[in-house]
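One file, start-v5.pdb, is given below (PDB, C-alpha atoms (C1' of nucleotides)).
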ATOM      1  CA  MET W   6      28.494 -21.052 -16.247
ATOM      2  CA  SER W   7      27.176 -20.568 -12.749
ATOM      3  CA  ASN W   8      23.844 -18.912 -13.238
ATOM      4  CA  GLN W   9      21.198 -19.398 -10.605
ATOM      5  CA  MET W  10      18.468 -17.277 -12.097
ATOM      6  CA  SER W  11      16.611 -19.710 -14.348
ATOM      7  CA  SER W  12      12.826 -19.580 -14.246
ATOM      8  CA  ASP W  13      11.622 -18.463 -10.847
ATOM      9  CA  THR W  14       9.031 -19.407  -8.314
ATOM     10  CA  ASN W  15       6.170 -18.982 -10.758
ATOM     11  CA  GLY W  16       2.907 -19.265  -8.884
ATOM     12  CA  THR W  17       4.363 -21.828  -6.544
ATOM     13  CA  LEU W  18       5.924 -21.814  -3.150
ATOM     14  CA  PRO W  19       9.653 -22.418  -3.569
ATOM     15  CA  ARG W  20      10.534 -26.037  -2.899
ATOM     16  CA  HIS W  21      12.703 -24.960  -0.001
ATOM     17  CA  TYR W  22       9.548 -24.376   2.056
ATOM     18  CA  LEU W  23       9.067 -28.113   1.827
ATOM     19  CA  LYS W  24      10.302 -28.642   5.369
ATOM     20  CA  PRO W  25       7.780 -26.377   7.129
ATOM     21  CA  CYS W  26       5.029 -27.745   4.893
ATOM     22  CA  LEU W  27       5.831 -31.321   5.770
ATOM     23  CA  LEU W  28       6.074 -30.490   9.460
ATOM     24  CA  LEU W  29       2.705 -28.741   9.336
ATOM     25  CA  LEU W  30       1.064 -31.604   7.469
ATOM     26  CA  LEU W  31       2.440 -34.090   9.954
ATOM     27  CA  ALA W  32       1.280 -31.887  12.821
ATOM     28  CA  GLU W  33      -2.206 -32.294  11.375
ATOM     29  CA  GLY W  34      -1.805 -36.064  11.559
ATOM     30  CA  PRO W  35       0.400 -39.011  10.620
ATOM     31  CA  SER W  36       0.836 -39.693   6.946
ATOM     32  CA  HIS W  37       3.070 -41.398   4.414
ATOM     33  CA  GLY W  38       5.308 -40.130   1.637
ATOM     34  CA  TYR W  39       3.072 -40.635  -1.340
ATOM     35  CA  GLU W  40       0.162 -38.896   0.331
ATOM     36  CA  LEU W  41       2.351 -36.071   1.629
ATOM     37  CA  LEU W  42       3.568 -35.535  -1.910
ATOM     38  CA  GLU W  43       0.057 -34.824  -3.117
ATOM     39  CA  HIS W  44      -0.689 -32.659  -0.105
ATOM     40  CA  VAL W  45       2.363 -30.442  -0.428
ATOM     41  CA  ARG W  46       1.572 -30.030  -4.103
ATOM     42  CA  ARG W  47      -1.944 -28.944  -3.306
ATOM     43  CA  MET W  48      -0.563 -26.597  -0.654
ATOM     44  CA  GLY W  49       1.338 -24.719  -3.309
ATOM     45  CA  ILE W  50       4.638 -26.495  -3.863
ATOM     46  CA  LYS W  51       3.627 -27.582  -7.343
ATOM     47  CA  GLY W  52       7.098 -28.664  -8.328
ATOM     48  CA  ALA W  53       7.547 -31.145  -5.483
ATOM     49  CA  GLU W  54       8.819 -34.470  -6.776
ATOM     50  CA  PRO W  55       9.076 -37.887  -5.175
ATOM     51  CA  GLY W  56      12.863 -38.035  -5.180
ATOM     52  CA  GLY W  57      13.338 -34.910  -3.152
ATOM     53  CA  LEU W  58      10.412 -35.581  -0.904
ATOM     54  CA  TYR W  59      11.494 -39.035   0.184
ATOM     55  CA  ARG W  60      15.000 -37.729   0.676
ATOM     56  CA  TYR W  61      13.640 -34.963   2.834
ATOM     57  CA  LEU W  62      11.602 -37.322   4.970
ATOM     58  CA  ARG W  63      14.609 -39.547   5.634
ATOM     59  CA  ALA W  64      16.740 -36.507   6.442
ATOM     60  CA  MET W  65      14.099 -35.263   8.861
ATOM     61  CA  GLU W  66      14.056 -38.643  10.473
ATOM     62  CA  LYS W  67      17.827 -38.562  10.887
ATOM     63  CA  GLU W  68      17.338 -35.215  12.631
ATOM     64  CA  GLU W  69      14.667 -36.842  14.791
ATOM     65  CA  MET W  70      11.992 -34.390  13.680
ATOM     66  CA  VAL W  71       9.835 -37.321  12.626
ATOM     67  CA  SER W  72       9.747 -41.031  13.206
ATOM     68  CA  SER W  73       8.409 -43.738  10.949
ATOM     69  CA  TRP W  74       7.551 -47.381  10.553
ATOM     70  CA  TRP W  75       6.316 -49.694   7.847
ATOM     71  CA  GLU W  76       2.640 -50.282   7.649
ATOM     72  CA  PRO W  77       0.952 -52.762   5.346
ATOM     73  CA  SER W  78      -1.608 -51.264   2.998
ATOM     74  CA  GLN W  79      -4.999 -52.812   2.389
ATOM     75  CA  ALA W  80      -4.499 -52.019  -1.292
ATOM     76  CA  GLY W  81      -1.035 -51.601  -2.803
ATOM     77  CA  PRO W  82       2.497 -51.835  -1.431
ATOM     78  CA  ALA W  83       3.392 -51.188   2.196
ATOM     79  CA  ARG W  84       3.717 -47.606   3.328
ATOM     80  CA  ARG W  85       6.156 -45.902   5.580
ATOM     81  CA  THR W  86       4.025 -43.966   8.033
ATOM     82  CA  TYR W  87       5.515 -40.809   9.495
ATOM     83  CA  VAL W  88       4.589 -39.006  12.696
ATOM     84  CA  LEU W  89       5.880 -35.793  14.204
ATOM     85  CA  THR W  90       8.159 -36.101  17.241
ATOM     86  CA  GLU W  91       8.540 -33.589  20.075
ATOM     87  CA  GLU W  92      11.614 -32.283  18.266
ATOM     88  CA  GLY W  93       9.534 -31.954  15.125
ATOM     89  CA  ARG W  94       6.889 -29.958  16.932
ATOM     90  CA  LYS W  95       9.587 -27.575  18.157
ATOM     91  CA  GLY W  96      11.025 -27.447  14.647
ATOM     92  CA  LEU W  97       7.597 -26.578  13.280
ATOM     93  CA  ASN W  98       7.195 -23.737  15.768
ATOM     94  CA  GLU W  99      10.571 -22.326  14.802
ATOM     95  CA  SER W 100       9.901 -22.741  11.096
ATOM     96  CA  VAL W 101       6.585 -20.978  11.481
ATOM     97  CA  GLN W 102       8.275 -18.103  13.248
ATOM     98  CA  SER W 103      10.717 -17.605  10.404
ATOM     99  CA  LEU W 104       7.862 -17.968   7.918
ATOM    100  CA  ARG W 105       6.107 -15.115   9.695
ATOM    101  CA  ASP W 106       9.269 -13.057   9.318
ATOM    102  CA  VAL W 107       9.429 -13.917   5.643
ATOM    103  CA  ARG W 108       5.786 -12.991   5.205
ATOM    104  CA  GLU W 109       6.384  -9.608   6.813
ATOM    105  CA  ILE W 110       9.416  -8.922   4.672
ATOM    106  CA  LEU W 111       7.407  -9.892   1.611
ATOM    107  CA  VAL W 112       4.584  -7.578   2.595
ATOM    108  CA  THR W 113       7.043  -4.705   3.060
ATOM    109  CA  LEU W 114       8.673  -5.461  -0.256
ATOM    110  CA  LEU W 115       5.341  -5.605  -2.084
ATOM    111  CA  ASP W 116       4.184  -2.363  -0.454
ATOM    112  CA  ARG W 117       7.391  -0.789  -1.595
ATOM    113  CA  TYR W 118       6.716  -1.997  -5.123
ATOM    114  CA  ASP W 119       3.166  -0.654  -4.981
ATOM    115  CA  SER W 120       4.245   2.761  -3.741
ATOM    116  CA  LEU W 121       6.702   2.791  -6.614
ATOM    117  CA  SER W 122       3.959   2.599  -9.237
ATOM    118  CA  THR W 123       1.766   4.985  -7.232
ATOM    119  CA  LYS W 124       4.511   7.586  -7.397
ATOM    120  CA  ALA W 125       4.933   6.933 -11.132
ATOM    121  CA  THR W 126       1.182   7.455 -11.748
ATOM    122  CA  ALA W 127       1.078  10.437  -9.405
ATOM    123  CA  SER W 128       3.854  12.149 -11.324
ATOM    124  CA  ARG W 129       1.714  12.037 -14.498
ATOM    125  CA  PRO W 130      -0.775  14.918 -14.144
TER     126      PRO W 130
ATOM    127  CA  MET L   3      26.577 -36.643   3.841
ATOM    128  CA  SER L   4      23.942 -34.960   1.708
ATOM    129  CA  ASN L   5      21.752 -33.165   4.154
ATOM    130  CA  GLN L   6      19.850 -30.181   2.852
ATOM    131  CA  MET L   7      17.983 -29.131   5.941
ATOM    132  CA  SER L   8      20.633 -27.310   7.970
ATOM    133  CA  SER L   9      19.562 -24.069   9.619
ATOM    134  CA  ASP L  10      16.678 -22.556   7.719
ATOM    135  CA  THR L  11      15.627 -19.111   6.621
ATOM    136  CA  ASN L  12      15.940 -17.766  10.142
ATOM    137  CA  GLY L  13      14.516 -14.282  10.219
ATOM    138  CA  THR L  14      15.786 -13.615   6.731
ATOM    139  CA  LEU L  15      14.367 -13.734   3.270
ATOM    140  CA  PRO L  16      15.857 -16.711   1.458
ATOM    141  CA  ARG L  17      18.735 -15.623  -0.757
ATOM    142  CA  HIS L  18      16.862 -16.771  -3.796
ATOM    143  CA  TYR L  19      14.643 -13.685  -3.527
ATOM    144  CA  LEU L  20      17.741 -11.728  -4.404
ATOM    145  CA  LYS L  21      16.577 -11.245  -7.966
ATOM    146  CA  PRO L  22      13.231  -9.566  -7.204
ATOM    147  CA  CYS L  23      14.947  -7.486  -4.510
ATOM    148  CA  LEU L  24      17.608  -6.230  -6.874
ATOM    149  CA  LEU L  25      15.042  -5.501  -9.558
ATOM    150  CA  LEU L  26      12.928  -3.545  -7.090
ATOM    151  CA  LEU L  27      15.909  -1.580  -5.797
ATOM    152  CA  LEU L  28      16.956  -0.728  -9.326
ATOM    153  CA  ALA L  29      13.384   0.252 -10.157
ATOM    154  CA  GLU L  30      13.711   2.788  -7.365
ATOM    155  CA  GLY L  31      16.793   4.192  -9.053
ATOM    156  CA  PRO L  32      20.217   3.379 -10.503
ATOM    157  CA  SER L  33      22.779   2.008  -8.125
ATOM    158  CA  HIS L  34      25.997   0.060  -7.937
ATOM    159  CA  GLY L  35      26.892  -3.327  -6.508
ATOM    160  CA  TYR L  36      28.394  -2.336  -3.201
ATOM    161  CA  GLU L  37      25.434  -0.124  -2.359
ATOM    162  CA  LEU L  38      22.923  -2.735  -3.525
ATOM    163  CA  LEU L  39      24.601  -5.234  -1.237
ATOM    164  CA  GLU L  40      23.869  -3.089   1.808
ATOM    165  CA  HIS L  41      20.336  -2.395   0.630
ATOM    166  CA  VAL L  42      19.373  -6.024   0.041
ATOM    167  CA  ARG L  43      20.781  -6.866   3.455
ATOM    168  CA  ARG L  44      18.685  -4.171   5.078
ATOM    169  CA  MET L  45      15.675  -5.412   3.091
ATOM    170  CA  GLY L  46      15.931  -8.780   4.783
ATOM    171  CA  ILE L  47      18.445 -10.866   2.886
ATOM    172  CA  LYS L  48      20.880 -10.759   5.751
ATOM    173  CA  GLY L  49      23.137 -13.440   4.348
ATOM    174  CA  ALA L  50      23.789 -11.758   1.018
ATOM    175  CA  GLU L  51      27.493 -11.704   0.190
ATOM    176  CA  PRO L  52      29.513  -9.769  -2.350
ATOM    177  CA  GLY L  53      30.566 -12.792  -4.413
ATOM    178  CA  GLY L  54      27.088 -13.963  -5.184
ATOM    179  CA  LEU L  55      25.716 -10.482  -5.621
ATOM    180  CA  TYR L  56      28.240  -9.334  -8.201
ATOM    181  CA  ARG L  57      27.809 -12.578 -10.075
ATOM    182  CA  TYR L  58      24.075 -12.113  -9.962
ATOM    183  CA  LEU L  59      24.288  -8.613 -11.384
ATOM    184  CA  ARG L  60      26.453  -9.776 -14.280
ATOM    185  CA  ALA L  61      24.037 -12.642 -14.935
ATOM    186  CA  MET L  62      21.101 -10.228 -14.976
ATOM    187  CA  GLU L  63      23.000  -8.074 -17.405
ATOM    188  CA  LYS L  64      23.584 -11.064 -19.689
ATOM    189  CA  GLU L  65      19.811 -11.583 -19.570
ATOM    190  CA  GLU L  66      19.391  -7.908 -20.424
ATOM    191  CA  MET L  67      17.374  -7.175 -17.303
ATOM    192  CA  VAL L  68      19.845  -4.455 -16.390
ATOM    193  CA  SER L  69      22.572  -2.531 -18.123
ATOM    194  CA  SER L  70      25.683  -0.999 -16.621
ATOM    195  CA  TRP L  71      28.723   1.185 -17.165
ATOM    196  CA  TRP L  72      31.754   2.258 -15.216
ATOM    197  CA  GLU L  73      31.548   5.492 -13.369
ATOM    198  CA  PRO L  74      34.440   7.160 -11.577
ATOM    199  CA  SER L  75      33.866   7.816  -7.894
ATOM    200  CA  GLN L  76      34.786  11.080  -6.192
ATOM    201  CA  ALA L  77      36.162   9.030  -3.319
ATOM    202  CA  GLY L  78      37.313   5.431  -3.759
ATOM    203  CA  PRO L  79      37.558   3.123  -6.743
ATOM    204  CA  ALA L  80      35.301   3.363  -9.804
ATOM    205  CA  ARG L  81      31.815   1.910  -9.593
ATOM    206  CA  ARG L  82      29.761  -0.055 -12.033
ATOM    207  CA  THR L  83      26.412   1.702 -12.138
ATOM    208  CA  TYR L  84      23.392  -0.428 -12.954
ATOM    209  CA  VAL L  85      20.024   0.642 -14.321
ATOM    210  CA  LEU L  86      16.893  -1.326 -15.019
ATOM    211  CA  THR L  87      16.042  -2.023 -18.661
ATOM    212  CA  GLU L  88      12.579  -2.432 -20.170
ATOM    213  CA  GLU L  89      13.130  -6.185 -19.923
ATOM    214  CA  GLY L  90      14.039  -5.747 -16.274
ATOM    215  CA  ARG L  91      10.869  -3.798 -15.595
ATOM    216  CA  LYS L  92       8.840  -6.640 -17.103
ATOM    217  CA  GLY L  93      10.864  -9.117 -15.081
ATOM    218  CA  LEU L  94      10.129  -7.148 -11.928
ATOM    219  CA  ASN L  95       6.395  -7.169 -12.647
ATOM    220  CA  GLU L  96       6.442 -10.917 -13.143
ATOM    221  CA  SER L  97       8.575 -11.491 -10.053
ATOM    222  CA  VAL L  98       6.217  -9.378  -8.017
ATOM    223  CA  GLN L  99       3.258 -11.377  -9.223
ATOM    224  CA  SER L 100       4.829 -14.630  -8.099
ATOM    225  CA  LEU L 101       5.831 -12.973  -4.827
ATOM    226  CA  ARG L 102       2.174 -12.138  -4.288
ATOM    227  CA  ASP L 103       1.323 -15.785  -4.898
ATOM    228  CA  VAL L 104       3.970 -16.868  -2.419
ATOM    229  CA  ARG L 105       2.665 -14.396   0.136
ATOM    230  CA  GLU L 106      -0.846 -15.748  -0.232
ATOM    231  CA  ILE L 107       0.294 -19.331   0.111
ATOM    232  CA  LEU L 108       2.297 -18.350   3.182
ATOM    233  CA  VAL L 109      -0.726 -16.669   4.704
ATOM    234  CA  THR L 110      -2.826 -19.774   4.080
ATOM    235  CA  LEU L 111      -0.140 -21.971   5.557
ATOM    236  CA  LEU L 112       0.224 -19.799   8.647
ATOM    237  CA  ASP L 113      -3.549 -19.669   9.140
ATOM    238  CA  ARG L 114      -3.584 -23.411   8.925
ATOM    239  CA  TYR L 115      -0.891 -23.578  11.582
ATOM    240  CA  ASP L 116      -2.834 -21.175  13.798
ATOM    241  CA  SER L 117      -6.056 -23.113  13.481
ATOM    242  CA  LEU L 118      -4.080 -26.188  14.450
ATOM    243  CA  SER L 119      -3.108 -24.760  17.834
ATOM    244  CA  THR L 120      -6.590 -23.278  18.277
ATOM    245  CA  LYS L 121      -8.066 -26.726  17.947
ATOM    246  CA  ALA L 122      -5.472 -28.082  20.394
ATOM    247  CA  THR L 123      -6.339 -25.410  22.976
ATOM    248  CA  ALA L 124     -10.063 -25.809  22.346
ATOM    249  CA  SER L 125      -9.859 -29.517  23.165
ATOM    250  CA  ARG L 126      -8.523 -28.665  26.632
ATOM    251  CA  PRO L 127     -11.605 -27.662  28.675
TER     252      PRO L 127
ATOM    253  C1'  DG N   4      54.820   4.134   3.082
ATOM    254  C1'  DC N   5      51.197   1.502   5.321
ATOM    255  C1'  DC N   6      46.595   0.535   6.796
ATOM    256  C1'  DT N   7      41.658   0.708   6.143
ATOM    257  C1'  DA N   8      37.383   1.351   3.639
ATOM    258  C1'  DT N   9      35.392   1.045  -0.700
ATOM    259  C1'  DA N  10      34.527  -1.448  -5.017
ATOM    260  C1'  DG N  11      34.359  -5.245  -8.021
ATOM    261  C1'  DA N  12      35.526 -10.002  -9.578
ATOM    262  C1'  DT N  13      36.866 -14.927  -9.537
ATOM    263  C1'  DG N  14      37.891 -19.756  -7.966
ATOM    264  C1'  DT N  15      36.499 -23.537  -5.805
ATOM    265  C1'  DA N  16      34.608 -26.816  -2.375
ATOM    266  C1'  DT N  17      30.390 -28.196  -0.767
ATOM    267  C1'  DA N  18      25.370 -28.468  -0.502
ATOM    268  C1'  DT N  19      21.062 -28.845  -2.682
ATOM    269  C1'  DT N  20      18.054 -30.013  -6.590
ATOM    270  C1'  DG N  21      16.413 -32.116 -10.651
ATOM    271  C1'  DT N  22      15.837 -36.052 -13.445
ATOM    272  C1'  DA N  23      15.890 -40.570 -14.497
ATOM    273  C1'  DT N  24      15.664 -45.001 -13.099
ATOM    274  C1'  DC N  25      14.783 -49.108 -10.104
ATOM    275  C1'  DT N  26      12.210 -52.232  -7.019
ATOM    276  C1'  DA N  27       7.866 -54.073  -5.355
ATOM    277  C1'  DT N  28       2.996 -54.853  -4.454
ATOM    278  C1'  DC N  29      -1.789 -55.142  -5.510
ATOM    279  C1'  DC N  30      -5.729 -54.884  -8.656
ATOM    280  C1'  DG N  31      -8.252 -55.316 -12.837
ATOM    281  C1'  DG N  32      -8.687 -57.100 -17.289
ATOM    282  C1'  DT N  33      -8.146 -60.886 -20.620
TER     283       DT N  33
ATOM    284  C1'  DA U   8      -1.845 -67.214 -15.425
ATOM    285  C1'  DC U   9      -0.020 -63.033 -17.437
ATOM    286  C1'  DC U  10       0.092 -58.126 -18.404
ATOM    287  C1'  DG U  11      -0.272 -53.236 -17.495
ATOM    288  C1'  DG U  12      -1.271 -49.487 -14.536
ATOM    289  C1'  DA U  13      -1.615 -47.241 -10.053
ATOM    290  C1'  DT U  14       0.558 -47.010  -5.729
ATOM    291  C1'  DA U  15       4.703 -46.702  -2.823
ATOM    292  C1'  DG U  16       9.357 -45.944  -1.806
ATOM    293  C1'  DA U  17      14.334 -45.458  -2.828
ATOM    294  C1'  DT U  18      18.727 -44.385  -5.241
ATOM    295  C1'  DA U  19      22.319 -42.601  -8.521
ATOM    296  C1'  DC U  20      24.208 -39.068 -10.929
ATOM    297  C1'  DA U  21      24.234 -34.706 -13.246
ATOM    298  C1'  DA U  22      23.284 -29.951 -12.884
ATOM    299  C1'  DT U  23      22.922 -25.840  -9.966
ATOM    300  C1'  DA U  24      23.425 -22.938  -6.178
ATOM    301  C1'  DT U  25      25.800 -21.190  -2.054
ATOM    302  C1'  DA U  26      29.405 -20.180   1.054
ATOM    303  C1'  DC U  27      33.875 -18.868   1.693
ATOM    304  C1'  DA U  28      38.208 -17.357   0.597
ATOM    305  C1'  DT U  29      40.994 -14.800  -2.225
ATOM    306  C1'  DC U  30      42.558 -11.252  -5.568
ATOM    307  C1'  DT U  31      42.836  -6.668  -7.813
ATOM    308  C1'  DA U  32      42.552  -1.643  -7.334
ATOM    309  C1'  DT U  33      41.834   3.154  -5.676
ATOM    310  C1'  DA U  34      41.477   6.938  -2.365
ATOM    311  C1'  DG U  35      42.235   8.850   2.109
ATOM    312  C1'  DG U  36      44.104   9.115   6.813
ATOM    313  C1'  DC U  37      48.084   8.809   9.675
TER     314       DC U  37
END

What's the structure tokens form of this structure?
Amino acid sequence: MSNQMSSDTNGTLPRHYLKPCLLLLLAEGPSHGYELLEHVRRMGIKGAEPGGLYRYLRAMEKEEMVSSWWEPSQAGPARRTYVLTEEGRKGLNESVQSLRDVREILVTLLDRYDSLSTKATASRP
Amino acid sequence: MSNQMSSDTNGTLPRHYLKPCLLLLLAEGPSHGYELLEHVRRMGIKGAEPGGLYRYLRAMEKEEMVSSWWEPSQAGPARRTYVLTEEGRKGLNESVQSLRDVREILVTLLDRYDSLSTKATASRP
DNA sequence: GCCTATAGATGTATATTGTATCTATCCGGT
DNA sequence: ACCGGATAGATACAATATACATCTATAGGC
């Protein structure tokens, strides 16, 4: 039964905004997976999980949006530190542009919803 | 090769906002699939396609968000007319609330991006 | 009769996600 | 010295979602 509806984006940014989030976070400075996980969660992608995140980072590396290396940790296991590449910076700029588009569409959609209830109230004298 | 990144949400609302869009459109008045397809496309979900849309409508009907019946058309084949149910109205309200959350997170994220480049420019005297 | 636009539905390959599980390291407690 | 928990990263496989092609039908124009 192919049914995609399930429970929606409740209060959280859909996980598919993970890419722009990661690019933004890395534009703010180098970081490693475990830390990025907490950051993206705090940024709004509550449902982010390690599996997907690490996968994403590797995929981004394959696309040369980021590069990484192992770095020993003073406390705990070694970390893979990620930094944004030139490509990644460009990718971020593009992502941000489409995010702006999405934001505008959302605003329009929400206005449309609001005017809907306004009309409904207005029609009750 | 499992690579999820591909080309992102370029200029369009991700297809997974189809549900709130359809609910909003149906809140504005009854409609049928073919017409809804054009409307959601104009609303920003450029990549919406008939297959997914019709399936989506049937799924929403199974969830009792909408109800439908066949209606003969004056010109062309019969149409399945959809209307929003009480359930659907509630679903729309909830969807809209999470859309507002998403919008706010997006705004925060974009501000953060902007302040990033501001800092970069500011550091060049 | 044949072609096109309209209208709806289904089948299926592929892509993406979700969930569980696995390895390893360091630190603190006992 | 040994154990358990926090940190860190990675992988396998199932479940879902998406894209694309295809199929049925009807009405109207030519």

Problem set entry | chain W residues near chain N (7 Å cut-off, only C-alpha atoms (C1' of nucleotides)) as a PyMOL selection string | chain W and resi 80-82

Problem set entry | For CA of Leu114 in chain W and CA of Leu15 in chain L, the interatomic separation in Å (one decimal) |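 Spanning CA of Leu114 in chain W to CA of Leu15 in chain L is a straight-line distance of 10.6 Å.
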
May I have a table of the residues of chain U lying at most 10 Å from range 57-76 of chain W, giving each one's closest pair of atoms and their distance in Å to one decimal, counting only C-alpha atoms (C1' of nucleotides), ordered by chain and ascending residue number, as a tab-separated table?
residue	atom	partner	partner_atom	distance
U:DG16	C1'	W:Tyr59	CA	7.5
U:DA17	C1'	W:Tyr59	CA	7.6
U:DT18	C1'	W:Arg60	CA	9.7

For this session: Take CA of Ala80 in chain L and CA of Leu24 in chain L and report the distance between them in Å, one decimal.
Result: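 Atom-to-atom, CA of Ala80 in chain L to CA of Leu24 in chain L, that is 20.3 Å.
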
For this session: Could you list, as a ChimeraX atom specification, the residues of chain W having an atom within 10 Å of chain L when counting only C-alpha atoms?
Result: /W:6-10,13-19,21-26,29-30,32-33,48-50,60-61,63-65,67-68,97-115,117-119,121-122

Within 7 Å of chain W, which residues of chain U show up? Give each one with its shortest atom-to-atom distance in Å (one decimal) and the two atoms involved, counting only C-alpha atoms (C1' of nucleotides), rows by chain then rising residue number, as CSV.
residue,atom,partner,partner_atom,distance
U:DT14,C1',W:Gly81,CA,5.7
U:DA15,C1',W:Pro82,CA,5.8
U:DT23,C1',W:Gln9,CA,6.7
U:DA24,C1',W:Gln9,CA,6.1

Seminar exercise, completed: Once chain W is optimally superposed onto chain L by least squares, the C-alpha atoms paired in order differ by an RMSD of 0.3 Å

Problem set entry | Separation of C1' of DT25 in chain U from CA of Arg20 in chain W in Å |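 Distance reported for this atom pair: 16.0 Å.
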
So for range 13-21 of chain U, what box centre and size do we get, axis-aligned, 8 Å extra on each of the six sides, every listed atom, Å to one decimal, as AutoDock Vina command-line options?
--center_x 11.3 --center_y -41.0 --center_z -7.5 --size_x 41.8 --size_y 28.5 --size_z 27.4

Some atoms are absent from range 78-91 of chain L, so rebuild N, CA and C atoms and return them as a PDB file, keeping the file's coordinate frame.
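The resulting rebuild-v2.pdb:
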ATOM      1  N   GLY L  78      37.253   6.881  -3.661  1.00  0.00           N
ATOM      2  CA  GLY L  78      37.313   5.431  -3.759  1.00  0.00           C
ATOM      3  C   GLY L  78      37.355   4.973  -5.198  1.00  0.00           C
ATOM      4  N   PRO L  79      37.431   3.685  -5.393  1.00  0.00           N
ATOM      5  CA  PRO L  79      37.558   3.123  -6.743  1.00  0.00           C
ATOM      6  C   PRO L  79      36.282   3.324  -7.574  1.00  0.00           C
ATOM      7  N   ALA L  80      36.432   3.174  -8.888  1.00  0.00           N
ATOM      8  CA  ALA L  80      35.301   3.363  -9.804  1.00  0.00           C
ATOM      9  C   ALA L  80      34.195   2.364  -9.495  1.00  0.00           C
ATOM     10  N   ARG L  81      32.974   2.761  -9.836  1.00  0.00           N
ATOM     11  CA  ARG L  81      31.815   1.910  -9.593  1.00  0.00           C
ATOM     12  C   ARG L  81      31.186   1.519 -10.906  1.00  0.00           C
ATOM     13  N   ARG L  82      30.548   0.354 -10.879  1.00  0.00           N
ATOM     14  CA  ARG L  82      29.761  -0.055 -12.033  1.00  0.00           C
ATOM     15  C   ARG L  82      28.307   0.281 -11.720  1.00  0.00           C
ATOM     16  N   THR L  83      27.781   1.256 -12.399  1.00  0.00           N
ATOM     17  CA  THR L  83      26.412   1.702 -12.138  1.00  0.00           C
ATOM     18  C   THR L  83      25.430   0.881 -12.960  1.00  0.00           C
ATOM     19  N   TYR L  84      24.416   0.385 -12.282  1.00  0.00           N
ATOM     20  CA  TYR L  84      23.392  -0.428 -12.954  1.00  0.00           C
ATOM     21  C   TYR L  84      22.079   0.323 -13.053  1.00  0.00           C
ATOM     22  N   VAL L  85      21.391   0.151 -14.173  1.00  0.00           N
ATOM     23  CA  VAL L  85      20.024   0.642 -14.321  1.00  0.00           C
ATOM     24  C   VAL L  85      19.146  -0.483 -14.847  1.00  0.00           C
ATOM     25  N   LEU L  86      17.862  -0.353 -14.541  1.00  0.00           N
ATOM     26  CA  LEU L  86      16.893  -1.326 -15.019  1.00  0.00           C
ATOM     27  C   LEU L  86      16.589  -1.077 -16.494  1.00  0.00           C
ATOM     28  N   THR L  87      16.462  -2.150 -17.258  1.00  0.00           N
ATOM     29  CA  THR L  87      16.042  -2.023 -18.661  1.00  0.00           C
ATOM     30  C   THR L  87      14.535  -2.253 -18.755  1.00  0.00           C
ATOM     31  N   GLU L  88      13.999  -2.132 -19.946  1.00  0.00           N
ATOM     32  CA  GLU L  88      12.579  -2.432 -20.170  1.00  0.00           C
ATOM     33  C   GLU L  88      12.303  -3.886 -19.778  1.00  0.00           C
ATOM     34  N   GLU L  89      13.189  -4.767 -20.269  1.00  0.00           N
ATOM     35  CA  GLU L  89      13.130  -6.185 -19.923  1.00  0.00           C
ATOM     36  C   GLU L  89      13.081  -6.377 -18.410  1.00  0.00           C
ATOM     37  N   GLY L  90      13.943  -5.641 -17.725  1.00  0.00           N
ATOM     38  CA  GLY L  90      14.039  -5.747 -16.274  1.00  0.00           C
ATOM     39  C   GLY L  90      12.751  -5.321 -15.595  1.00  0.00           C
ATOM     40  N   ARG L  91      12.146  -4.284 -16.136  1.00  0.00           N
ATOM     41  CA  ARG L  91      10.869  -3.798 -15.595  1.00  0.00           C
ATOM     42  C   ARG L  91       9.819  -4.898 -15.723  1.00  0.00           C
TER      43      ARG L  91
END
